[in-house]
file start.cif (mmCIF, C-alpha atoms)
data_work
#
loop_
_atom_site.label_atom_id
_atom_site.label_comp_id
_atom_site.auth_asym_id
_atom_site.auth_seq_id
_atom_site.Cartn_x
_atom_site.Cartn_y
_atom_site.Cartn_z
CA MET A 38 -112.13 -70.17 35.10
CA THR A 39 -114.63 -69.50 37.89
CA ASP A 40 -118.29 -70.35 37.51
CA VAL A 41 -119.38 -66.71 37.50
CA GLN A 42 -116.88 -65.86 34.77
CA ASN A 43 -118.23 -68.70 32.74
CA LEU A 44 -121.83 -67.58 33.27
CA GLU A 45 -120.95 -64.00 32.37
CA GLU A 46 -119.36 -65.12 29.13
CA ARG A 47 -122.40 -67.17 28.18
CA PHE A 48 -124.64 -64.23 29.09
CA GLN A 49 -122.62 -61.83 26.92
CA ALA A 50 -122.60 -64.35 24.06
CA LYS A 51 -126.42 -64.41 24.15
CA ILE A 52 -126.51 -60.59 24.05
CA ASP A 53 -123.99 -60.47 21.19
CA ALA A 54 -126.12 -62.96 19.27
CA GLU A 55 -129.12 -60.59 19.67
CA GLN A 56 -130.96 -63.07 21.88
CA LYS A 57 -133.29 -61.54 24.45
CA ILE A 58 -132.67 -62.13 28.15
CA GLU A 59 -135.76 -63.48 29.93
CA PRO A 60 -136.63 -63.27 33.66
CA LYS A 61 -135.45 -66.77 34.60
CA ASP A 62 -132.13 -66.52 32.74
CA TRP A 63 -128.96 -66.02 34.73
CA MET A 64 -127.82 -62.39 34.56
CA PRO A 65 -125.04 -60.40 36.21
CA GLU A 66 -126.25 -58.67 39.37
CA LYS A 67 -125.22 -55.32 37.90
CA TYR A 68 -127.37 -55.93 34.79
CA ARG A 69 -130.36 -56.67 37.03
CA LYS A 70 -129.72 -53.59 39.19
CA THR A 71 -129.24 -51.32 36.19
CA LEU A 72 -132.49 -52.53 34.67
CA ILE A 73 -134.42 -52.17 37.92
CA ARG A 74 -133.14 -48.60 38.24
CA GLN A 75 -133.85 -47.70 34.63
CA ILE A 76 -137.25 -49.41 34.24
CA SER A 77 -138.56 -48.13 37.57
CA GLN A 78 -137.40 -44.57 36.78
CA HIS A 79 -139.15 -44.90 33.47
CA ALA A 80 -142.34 -46.16 35.16
CA HIS A 81 -142.24 -43.35 37.72
CA SER A 82 -141.84 -40.84 34.89
CA GLU A 83 -145.01 -42.10 33.24
CA VAL A 84 -146.91 -41.82 36.51
CA VAL A 85 -145.55 -38.43 37.63
CA GLY A 86 -145.97 -37.28 34.02
CA MET A 87 -149.73 -37.43 34.50
CA LEU A 88 -149.59 -34.56 37.00
CA PRO A 89 -148.58 -31.60 34.77
CA GLU A 90 -151.13 -32.66 32.15
CA GLY A 91 -153.85 -33.52 34.63
CA ASN A 92 -153.58 -29.87 35.65
CA TRP A 93 -155.34 -28.89 32.38
CA ILE A 94 -158.04 -31.58 32.01
CA THR A 95 -160.74 -29.46 33.61
CA ARG A 96 -159.64 -26.37 31.68
CA ALA A 97 -159.20 -27.84 28.19
CA PRO A 98 -160.59 -25.33 25.65
CA ASN A 99 -163.30 -27.65 24.29
CA LEU A 100 -164.81 -31.12 24.66
CA ARG A 101 -162.69 -32.63 21.85
CA ARG A 102 -159.47 -31.46 23.51
CA LYS A 103 -160.70 -32.61 26.91
CA ALA A 104 -161.53 -36.12 25.68
CA ILE A 105 -158.13 -36.37 23.96
CA LEU A 106 -156.20 -35.17 27.01
CA LEU A 107 -158.11 -37.54 29.27
CA ALA A 108 -157.29 -40.44 26.93
CA LYS A 109 -153.64 -39.42 26.83
CA VAL A 110 -153.34 -39.23 30.61
CA GLN A 111 -155.02 -42.66 30.86
CA ASP A 112 -152.42 -43.99 28.43
CA GLU A 113 -149.63 -42.68 30.67
CA ALA A 114 -151.12 -44.61 33.59
CA GLY A 115 -151.18 -47.71 31.39
CA HIS A 116 -147.57 -47.14 30.34
CA GLY A 117 -146.59 -46.88 34.00
CA LEU A 118 -148.28 -50.22 34.65
CA TYR A 119 -146.58 -52.01 31.71
CA LEU A 120 -143.23 -50.82 33.04
CA TYR A 121 -143.90 -51.63 36.71
CA SER A 122 -144.96 -55.05 35.50
CA ALA A 123 -141.69 -55.49 33.55
CA CYS A 124 -139.70 -54.28 36.57
CA GLU A 125 -141.38 -56.79 38.83
CA THR A 126 -140.10 -59.69 36.67
CA LEU A 127 -136.62 -58.77 37.93
CA GLY A 128 -137.56 -59.81 41.44
CA VAL A 129 -138.29 -56.47 43.06
CA SER A 130 -141.76 -56.11 44.62
CA ARG A 131 -144.22 -53.51 43.36
CA GLU A 132 -144.56 -52.23 46.91
CA GLN A 133 -140.82 -51.58 47.16
CA THR A 134 -140.74 -49.82 43.79
CA ILE A 135 -143.63 -47.52 44.69
CA ASP A 136 -142.18 -46.85 48.14
CA ASP A 137 -138.91 -45.74 46.54
CA LEU A 138 -140.79 -43.17 44.47
CA LEU A 139 -142.85 -41.91 47.40
CA SER A 140 -139.85 -41.57 49.71
CA GLY A 141 -137.94 -39.63 47.06
CA LYS A 142 -135.25 -42.30 46.82
CA ALA A 143 -136.04 -43.14 43.20
CA LYS A 144 -135.75 -40.59 40.40
CA TYR A 145 -138.10 -39.79 37.55
CA SER A 146 -137.61 -37.66 34.46
CA SER A 147 -136.75 -34.10 35.49
CA ILE A 148 -138.96 -32.63 32.79
CA PHE A 149 -142.03 -33.24 34.93
CA ASN A 150 -140.74 -30.87 37.57
CA TYR A 151 -141.59 -27.93 35.31
CA PRO A 152 -145.02 -26.28 35.62
CA THR A 153 -147.76 -26.17 32.95
CA LEU A 154 -148.62 -22.46 32.96
CA THR A 155 -150.84 -22.15 29.87
CA TRP A 156 -152.86 -24.40 27.56
CA ALA A 157 -150.04 -24.17 25.01
CA ASP A 158 -147.85 -26.10 27.47
CA ILE A 159 -150.07 -29.15 26.83
CA GLY A 160 -149.25 -28.78 23.14
CA ALA A 161 -145.54 -28.35 23.86
CA ILE A 162 -145.46 -31.40 26.14
CA GLY A 163 -147.08 -33.66 23.55
CA TRP A 164 -144.94 -32.38 20.72
CA LEU A 165 -141.57 -32.02 22.47
CA VAL A 166 -141.63 -34.09 25.65
CA ASP A 167 -143.44 -37.06 24.12
CA GLY A 168 -141.42 -36.52 20.95
CA ALA A 169 -138.17 -36.81 22.90
CA ALA A 170 -139.49 -39.78 24.86
CA ILE A 171 -140.40 -41.57 21.62
CA MET A 172 -136.81 -41.28 20.36
CA ASN A 173 -135.66 -43.13 23.45
CA GLN A 174 -138.55 -45.60 23.47
CA VAL A 175 -138.19 -46.63 19.84
CA MET A 176 -134.58 -47.50 20.63
CA LEU A 177 -135.69 -49.45 23.72
CA CYS A 178 -138.01 -51.67 21.65
CA ARG A 179 -134.73 -53.44 20.80
CA THR A 180 -133.34 -53.49 24.34
CA SER A 181 -131.87 -56.82 25.46
CA TYR A 182 -134.27 -57.57 28.33
CA GLY A 183 -137.37 -59.28 26.90
CA PRO A 184 -140.12 -57.96 29.23
CA TYR A 185 -138.78 -54.39 28.90
CA ALA A 186 -138.63 -54.62 25.10
CA ARG A 187 -142.18 -55.99 24.93
CA ALA A 188 -143.50 -53.22 27.18
CA MET A 189 -141.79 -50.69 24.92
CA VAL A 190 -143.36 -52.08 21.76
CA ARG A 191 -146.77 -51.69 23.38
CA ILE A 192 -145.96 -48.16 24.54
CA CYS A 193 -144.59 -47.03 21.17
CA LYS A 194 -147.80 -48.11 19.43
CA GLU A 195 -149.71 -45.69 21.66
CA GLU A 196 -147.20 -42.90 21.92
CA SER A 197 -147.39 -41.51 18.41
CA PHE A 198 -150.93 -40.21 19.03
CA HIS A 199 -149.54 -38.30 22.00
CA GLN A 200 -146.98 -36.46 19.93
CA ARG A 201 -149.38 -35.73 17.10
CA GLN A 202 -152.12 -34.31 19.33
CA GLY A 203 -149.53 -32.00 20.91
CA TYR A 204 -148.18 -30.81 17.58
CA GLU A 205 -151.76 -30.21 16.41
CA ILE A 206 -152.44 -28.01 19.44
CA MET A 207 -149.30 -25.98 18.65
CA ALA A 208 -150.18 -25.73 14.94
CA VAL A 209 -153.70 -24.48 15.71
CA LEU A 210 -152.43 -21.89 18.22
CA ALA A 211 -149.69 -20.75 15.84
CA LYS A 212 -152.33 -20.10 13.17
CA GLY A 213 -154.63 -18.30 15.65
CA THR A 214 -154.70 -14.73 17.00
CA PRO A 215 -151.39 -12.97 17.69
CA GLU A 216 -151.93 -13.68 21.40
CA GLN A 217 -152.43 -17.39 20.72
CA LYS A 218 -149.33 -17.56 18.55
CA GLU A 219 -147.37 -15.78 21.26
CA MET A 220 -148.64 -18.30 23.78
CA ALA A 221 -147.41 -21.18 21.60
CA GLN A 222 -144.02 -19.50 21.11
CA ASP A 223 -143.71 -18.88 24.84
CA ALA A 224 -144.42 -22.56 25.56
CA LEU A 225 -141.81 -23.62 23.00
CA ASN A 226 -139.32 -21.20 24.59
CA ARG A 227 -139.82 -22.73 28.02
CA TRP A 228 -139.96 -26.42 27.03
CA TRP A 229 -137.24 -26.58 24.37
CA TRP A 230 -134.15 -26.76 26.57
CA PRO A 231 -135.66 -29.02 29.25
CA SER A 232 -136.73 -31.36 26.41
CA LEU A 233 -133.13 -31.56 25.17
CA MET A 234 -132.04 -32.35 28.73
CA MET A 235 -134.36 -35.38 28.70
CA PHE A 236 -131.75 -37.32 26.73
CA GLY A 237 -129.45 -37.14 29.74
CA PRO A 238 -125.85 -35.97 30.13
CA THR A 239 -123.50 -35.74 27.15
CA ASP A 240 -121.81 -39.00 26.19
CA ALA A 241 -118.58 -37.75 27.73
CA ASN A 242 -120.34 -37.30 31.09
CA SER A 243 -122.58 -40.34 31.08
CA PRO A 244 -121.11 -42.77 33.61
CA HIS A 245 -123.36 -45.80 32.96
CA SER A 246 -123.45 -45.59 29.19
CA ALA A 247 -120.57 -47.86 28.14
CA GLU A 248 -121.82 -50.82 30.16
CA SER A 249 -125.42 -50.29 29.07
CA MET A 250 -124.31 -50.28 25.44
CA LYS A 251 -122.24 -53.45 25.93
CA TRP A 252 -125.28 -55.17 27.46
CA LYS A 253 -127.49 -53.67 24.73
CA ILE A 254 -129.81 -52.14 27.30
CA LYS A 255 -129.20 -48.94 25.35
CA ARG A 256 -128.59 -49.12 21.61
CA GLN A 257 -127.83 -45.48 20.83
CA SER A 258 -126.01 -42.84 22.83
CA ASN A 259 -127.61 -39.81 24.49
CA ASP A 260 -125.96 -37.42 22.05
CA GLU A 261 -127.01 -39.39 18.97
CA LEU A 262 -130.65 -39.46 20.06
CA ARG A 263 -130.57 -35.78 21.00
CA GLN A 264 -129.19 -34.83 17.58
CA THR A 265 -131.85 -36.82 15.71
CA PHE A 266 -134.55 -35.18 17.81
CA ILE A 267 -133.21 -31.70 17.04
CA ASP A 268 -132.91 -32.41 13.31
CA ARG A 269 -136.53 -33.56 13.13
CA THR A 270 -138.08 -30.99 15.42
CA VAL A 271 -136.52 -27.87 13.87
CA GLN A 272 -138.24 -28.70 10.58
CA GLN A 273 -141.58 -29.21 12.37
CA ALA A 274 -141.25 -25.81 14.08
CA GLU A 275 -140.60 -24.15 10.71
CA VAL A 276 -143.74 -25.68 9.22
CA ILE A 277 -145.96 -24.07 11.87
CA GLY A 278 -144.03 -20.79 11.92
CA LEU A 279 -142.52 -21.00 15.41
CA THR A 280 -138.90 -20.22 16.28
CA ILE A 281 -136.59 -22.55 18.19
CA PRO A 282 -135.14 -20.47 21.07
CA ASP A 283 -131.50 -21.07 20.19
CA PRO A 284 -129.57 -18.26 18.44
CA LYS A 285 -126.73 -20.68 17.65
CA LEU A 286 -128.96 -23.09 15.73
CA LYS A 287 -127.52 -23.53 12.22
CA TRP A 288 -127.81 -26.19 9.48
CA ASN A 289 -124.48 -27.79 8.64
CA GLU A 290 -124.48 -28.86 5.01
CA ALA A 291 -121.37 -31.04 5.44
CA THR A 292 -122.64 -33.13 8.37
CA GLN A 293 -126.33 -32.91 7.33
CA HIS A 294 -127.15 -32.05 10.94
CA TYR A 295 -128.05 -28.93 12.89
CA GLU A 296 -125.42 -27.29 15.02
CA TRP A 297 -126.88 -25.90 18.19
CA GLY A 298 -126.10 -24.03 21.42
CA GLU A 299 -125.21 -25.15 24.90
CA ILE A 300 -127.48 -26.87 27.43
CA ASP A 301 -127.47 -25.27 30.88
CA TRP A 302 -126.24 -28.30 32.81
CA THR A 303 -126.29 -26.41 36.10
CA GLU A 304 -130.05 -26.11 35.73
CA PHE A 305 -130.29 -29.80 34.82
CA ASN A 306 -128.27 -30.87 37.87
CA ASN A 307 -130.32 -28.62 40.11
CA VAL A 308 -133.62 -30.09 38.96
CA VAL A 309 -132.26 -33.66 39.27
CA ALA A 310 -131.09 -32.82 42.79
CA GLY A 311 -134.66 -31.90 43.74
CA ASN A 312 -134.58 -28.13 43.36
CA GLY A 313 -136.73 -27.75 40.25
CA PRO A 314 -139.84 -25.57 40.23
CA CYS A 315 -142.25 -28.42 41.07
CA ASN A 316 -140.23 -31.29 42.63
CA LYS A 317 -141.85 -30.95 46.06
CA GLU A 318 -145.34 -30.45 44.63
CA ARG A 319 -145.09 -33.58 42.45
CA LEU A 320 -143.93 -35.87 45.26
CA ALA A 321 -146.50 -34.42 47.64
CA ALA A 322 -149.26 -35.10 45.09
CA ARG A 323 -148.15 -38.74 44.63
CA ASN A 324 -147.91 -39.28 48.40
CA LYS A 325 -151.34 -37.75 48.95
CA ALA A 326 -152.95 -39.92 46.26
CA HIS A 327 -151.29 -43.05 47.66
CA ALA A 328 -152.34 -42.29 51.25
CA GLU A 329 -155.89 -41.37 50.28
CA GLY A 330 -156.21 -44.58 48.26
CA ALA A 331 -155.15 -46.79 51.18
CA TRP A 332 -158.71 -47.46 52.35
CA VAL A 333 -159.73 -48.46 48.81
CA ARG A 334 -156.91 -51.00 48.61
CA GLU A 335 -157.88 -52.42 52.00
CA ALA A 336 -161.60 -52.49 51.23
CA ALA A 337 -161.01 -54.31 47.93
CA LEU A 338 -159.01 -57.01 49.72
CA ALA A 339 -161.65 -57.37 52.43
CA HIS A 340 -164.35 -57.64 49.76
CA ALA A 341 -162.35 -60.28 47.87
CA ALA A 342 -161.86 -62.29 51.07
CA LYS A 343 -165.56 -62.09 51.90
CA LYS A 344 -166.56 -63.18 48.40
CA ALA A 345 -164.11 -66.09 48.46
CA LYS A 346 -165.53 -67.25 51.81
CA LYS A 347 -169.11 -67.08 50.52
CA GLU A 348 -168.20 -69.08 47.43
CA LYS A 349 -166.55 -71.70 49.63
CA VAL A 350 -169.66 -72.03 51.80
CA ALA A 351 -171.90 -72.31 48.74
CA ALA A 352 -169.71 -75.05 47.25
CA MET B 856 -141.79 -60.74 45.52
CA SER B 857 -143.45 -59.14 48.50
CA ASP B 858 -145.06 -61.47 51.02
CA ASN B 859 -147.05 -58.66 52.59
CA PRO B 860 -150.65 -59.98 52.83
CA ASN B 861 -151.93 -56.40 52.57
CA ASN B 862 -150.81 -56.21 48.93
CA TRP B 863 -153.08 -57.21 46.08
CA PRO B 864 -151.86 -60.43 44.46
CA LEU B 865 -150.25 -60.51 41.01
CA TRP B 866 -152.19 -61.81 37.97
CA GLU B 867 -150.83 -62.74 34.57
CA ILE B 868 -153.00 -61.44 31.74
CA PHE B 869 -153.85 -63.19 28.46
CA ILE B 870 -155.78 -61.45 25.69
CA GLN B 871 -157.54 -62.95 22.69
CA SER B 872 -157.50 -60.29 20.00
CA LYS B 873 -160.07 -61.89 17.70
CA ARG B 874 -162.42 -64.88 17.82
CA GLY B 875 -160.60 -67.93 16.52
CA LEU B 876 -157.16 -66.77 17.64
CA GLU B 877 -155.27 -67.92 20.73
CA HIS B 878 -155.11 -66.03 24.02
CA LYS B 879 -151.70 -64.39 24.19
CA HIS B 880 -149.74 -63.28 27.26
CA VAL B 881 -149.56 -59.47 27.41
CA GLY B 882 -148.26 -58.67 30.90
CA SER B 883 -149.37 -58.66 34.50
CA LEU B 884 -151.15 -56.53 37.07
CA HIS B 885 -152.13 -56.51 40.72
CA ALA B 886 -155.78 -56.91 41.70
CA ALA B 887 -157.72 -57.97 44.79
CA ASP B 888 -159.58 -60.75 42.96
CA ALA B 889 -160.12 -62.28 39.53
CA GLN B 890 -163.05 -60.02 38.65
CA MET B 891 -161.03 -56.90 39.41
CA ALA B 892 -158.09 -58.32 37.46
CA ILE B 893 -160.33 -58.72 34.41
CA GLU B 894 -161.71 -55.19 34.74
CA ASN B 895 -158.27 -53.66 35.21
CA ALA B 896 -156.88 -55.71 32.33
CA ARG B 897 -159.63 -54.29 30.14
CA ASP B 898 -158.58 -50.77 31.12
CA VAL B 899 -154.84 -51.21 30.64
CA TYR B 900 -154.52 -53.78 27.87
CA THR B 901 -157.53 -53.20 25.57
CA ARG B 902 -157.95 -49.42 25.32
CA ARG B 903 -157.71 -49.65 21.53
CA GLN B 904 -159.88 -52.68 20.82
CA GLU B 905 -156.92 -55.06 21.18
CA GLY B 906 -159.08 -57.78 22.63
CA GLN B 907 -162.43 -59.50 22.77
CA SER B 908 -161.68 -61.99 25.56
CA ILE B 909 -159.48 -61.90 28.67
CA TRP B 910 -157.97 -64.65 30.81
CA VAL B 911 -156.44 -63.84 34.18
CA VAL B 912 -154.28 -66.36 36.05
CA PRO B 913 -152.75 -65.97 39.54
CA ALA B 914 -149.03 -65.51 38.81
CA GLY B 915 -148.14 -68.08 41.48
CA ALA B 916 -150.18 -70.75 39.69
CA ILE B 917 -147.88 -70.80 36.67
CA SER B 918 -145.03 -73.31 36.59
CA SER B 919 -142.34 -72.98 33.97
CA SER B 920 -139.35 -74.85 32.63
CA GLN B 921 -135.87 -73.67 33.58
CA PRO B 922 -133.88 -71.87 30.86
CA ASP B 923 -130.72 -73.76 31.92
CA ASP B 924 -132.44 -77.08 31.28
CA ALA B 925 -133.60 -76.07 27.80
CA ALA B 926 -130.90 -77.99 25.92
CA MET B 927 -131.71 -81.21 27.75
CA LEU B 928 -135.47 -80.65 27.78
CA PHE B 929 -135.81 -80.07 24.05
CA ASP B 930 -133.08 -82.48 23.02
CA PRO B 931 -135.47 -85.27 21.87
CA ALA B 932 -136.68 -83.07 18.99
CA ASP B 933 -133.20 -82.25 17.74
CA ASP B 934 -132.57 -85.33 15.60
CA LYS B 935 -136.00 -86.06 14.15
CA THR B 936 -135.97 -84.24 10.86
CA TYR B 937 -138.35 -86.92 9.53
CA ARG B 938 -141.11 -85.08 11.42
CA HIS B 939 -140.96 -82.35 8.79
CA PRO B 940 -142.56 -82.75 5.36
CA THR B 941 -139.44 -81.47 3.60
CA PHE B 942 -137.58 -84.60 4.81
CA TYR B 943 -139.22 -86.75 2.13
CA THR B 944 -138.26 -87.10 -1.51
CA MET B 945 -141.29 -87.02 -3.76
CA PRO B 946 -141.28 -88.71 -7.17
CA GLU B 947 -140.94 -86.24 -10.03
CA GLY B 948 -144.24 -85.15 -11.52
CA ALA B 949 -146.51 -86.06 -8.58
CA LYS B 950 -149.04 -83.30 -7.92
CA TYR B 951 -150.97 -82.04 -4.87
CA ILE B 952 -148.59 -83.66 -2.36
#

call {"tool": "encode", "arguments": {"input": "start.cif", "output": "structure tokens"}}
result
Amino acid sequence: MTDVQNLEERFQAKIDAEQKIEPKDWMPEKYRKTLIRQISQHAHSEVVGMLPEGNWITRAPNLRRKAILLAKVQDEAGHGLYLYSACETLGVSREQTIDDLLSGKAKYSSIFNYPTLTWADIGAIGWLVDGAAIMNQVMLCRTSYGPYARAMVRICKEESFHQRQGYEIMAVLAKGTPEQKEMAQDALNRWWWPSLMMFGPTDANSPHSAESMKWKIKRQSNDELRQTFIDRTVQQAEVIGLTIPDPKLKWNEATQHYEWGEIDWTEFNNVVAGNGPCNKERLAARNKAHAEGAWVREAALAHAAKKAKKEKVAA
Amino acid sequence: MSDNPNNWPLWEIFIQSKRGLEHKHVGSLHAADAQMAIENARDVYTRRQEGQSIWVVPAGAISSSQPDDAAMLFDPADDKTYRHPTFYTMPEGAKYI
């Protein structure tokens, strides 16, 4: 038996025994690479996710909503940091990770390439997009890589406020004037299918899934999570009197699950490939912010160096 | 890790949630100096009153044991069950012990 085989067996035995893998543990190169890809994509999604919502901070309908949205967007920045921090424990530098986002090499969740056209979109994002993200994140609290799991626990604690504030916005609009209700319905119509796409390709078309399940990076399949999300969300839509835009949606008494229509995977693939409504705008915004912040990063370092020198002289 | 001197160094963050409790590791962040690390840690790790005191430590200043050496390193504690109170047989009827 070769050494690597031996190490791989011990690694898998740890995973099978539900022991977490920590940064200094030996791990297969593919496990490390998969995690770096997944955690950094996740971090980028949190960061790019601030853009569609940031679009409405100055136009929130009242001070309460503005304070809430501001707090939510701040949380997303924090979530990005927790994840970048977890990613860095795998031996990839922060600089490299950020560069991969800015150059367009790294991906982020396609959902953030859709525009926020009305205030109701902020409600729909909290309710549906954060709702879908939570499904995935709750699962990831039990992921096999320790720093990733710990970051997820922290994120999940904060995320439920995000979903509830979004659902509240939708509920209030749905109870409002006919125009307001229509606005809420229109937002649901536009965000429903992209939200379902957030769970990724069907299990049959998900190339990395089997290995990720074996390594317990993922604990539930894309289709399982998607189904649970649908089952929960349909009921919530009924409560506030909105209609899920899927004529094929039907409760199946035998399976105790909803049957539903077909995702437009051509649209999904197009947005992933960079041809969504806002892909270029999002990357341009991130690049602009990074470039315009360069002098701040430099000045802070210069200030720190000057302070350290002064302290040395004084001592 | 990046050796680029133009990058802010990495700090490990420890938060004490309440007086009387220990400082607990919560994650890391980049900052130009210790003061900035504390301020940024406040913003990212205590937005919901999770802490009342923060320690920041340059990540490079932490040394740690190697996971592969764990068996050998912790071996001396393996066979000393007499360090636990349950090891001892108490006479029947004795109270408060």

call {"tool": "interface_residues", "arguments": {"input": "start.cif", "of": "chain A", "to": "chain B", "cutoff": "6 Å", "atoms": "all atoms listed in the file", "output": "PDB file with C-alpha atoms, keeping the file's coordinate frame"}}
result
ATOM      1  CA  ASP A  62    -132.130 -66.520  32.740  1.00  0.00           C
ATOM      2  CA  GLY A 115    -151.180 -47.710  31.390  1.00  0.00           C
ATOM      3  CA  SER A 122    -144.960 -55.050  35.500  1.00  0.00           C
ATOM      4  CA  GLY A 128    -137.560 -59.810  41.440  1.00  0.00           C
ATOM      5  CA  SER A 130    -141.760 -56.110  44.620  1.00  0.00           C
ATOM      6  CA  ALA A 337    -161.010 -54.310  47.930  1.00  0.00           C
ATOM      7  CA  LEU A 338    -159.010 -57.010  49.720  1.00  0.00           C
ATOM      8  CA  ALA A 341    -162.350 -60.280  47.870  1.00  0.00           C
TER       9      ALA A 341
END

call {"tool": "atom_distance", "arguments": {"input": "start.cif", "atom1": "CA of Ile300 in chain A", "atom2": "CA of Gln202 in chain A"}}
result
27.0 Å

call {"tool": "atom_distance", "arguments": {"input": "start.cif", "atom1": "CA of Tyr182 in chain A", "atom2": "CA of Ile254 in chain A"}}
result
7.1 Å

call {"tool": "atom_distance", "arguments": {"input": "start.cif", "atom1": "CA of Ala123 in chain A", "atom2": "CA of Tyr185 in chain A"}}
result
5.6 Å

call {"tool": "resolve_selection", "arguments": {"input": "start.cif", "expression": "the PyMOL selection byres ((chain A and resi 263-278) around 8)", "output": "count of residues only"}}
result
19

call {"tool": "resolve_selection", "arguments": {"input": "start.cif", "expression": "the PyMOL selection byres ((chain A and resi 249-251) around 10)", "output": "ChimeraX atom specification"}}
result
/A:49,52-53,68,71-72,180-181,244-248,252-258
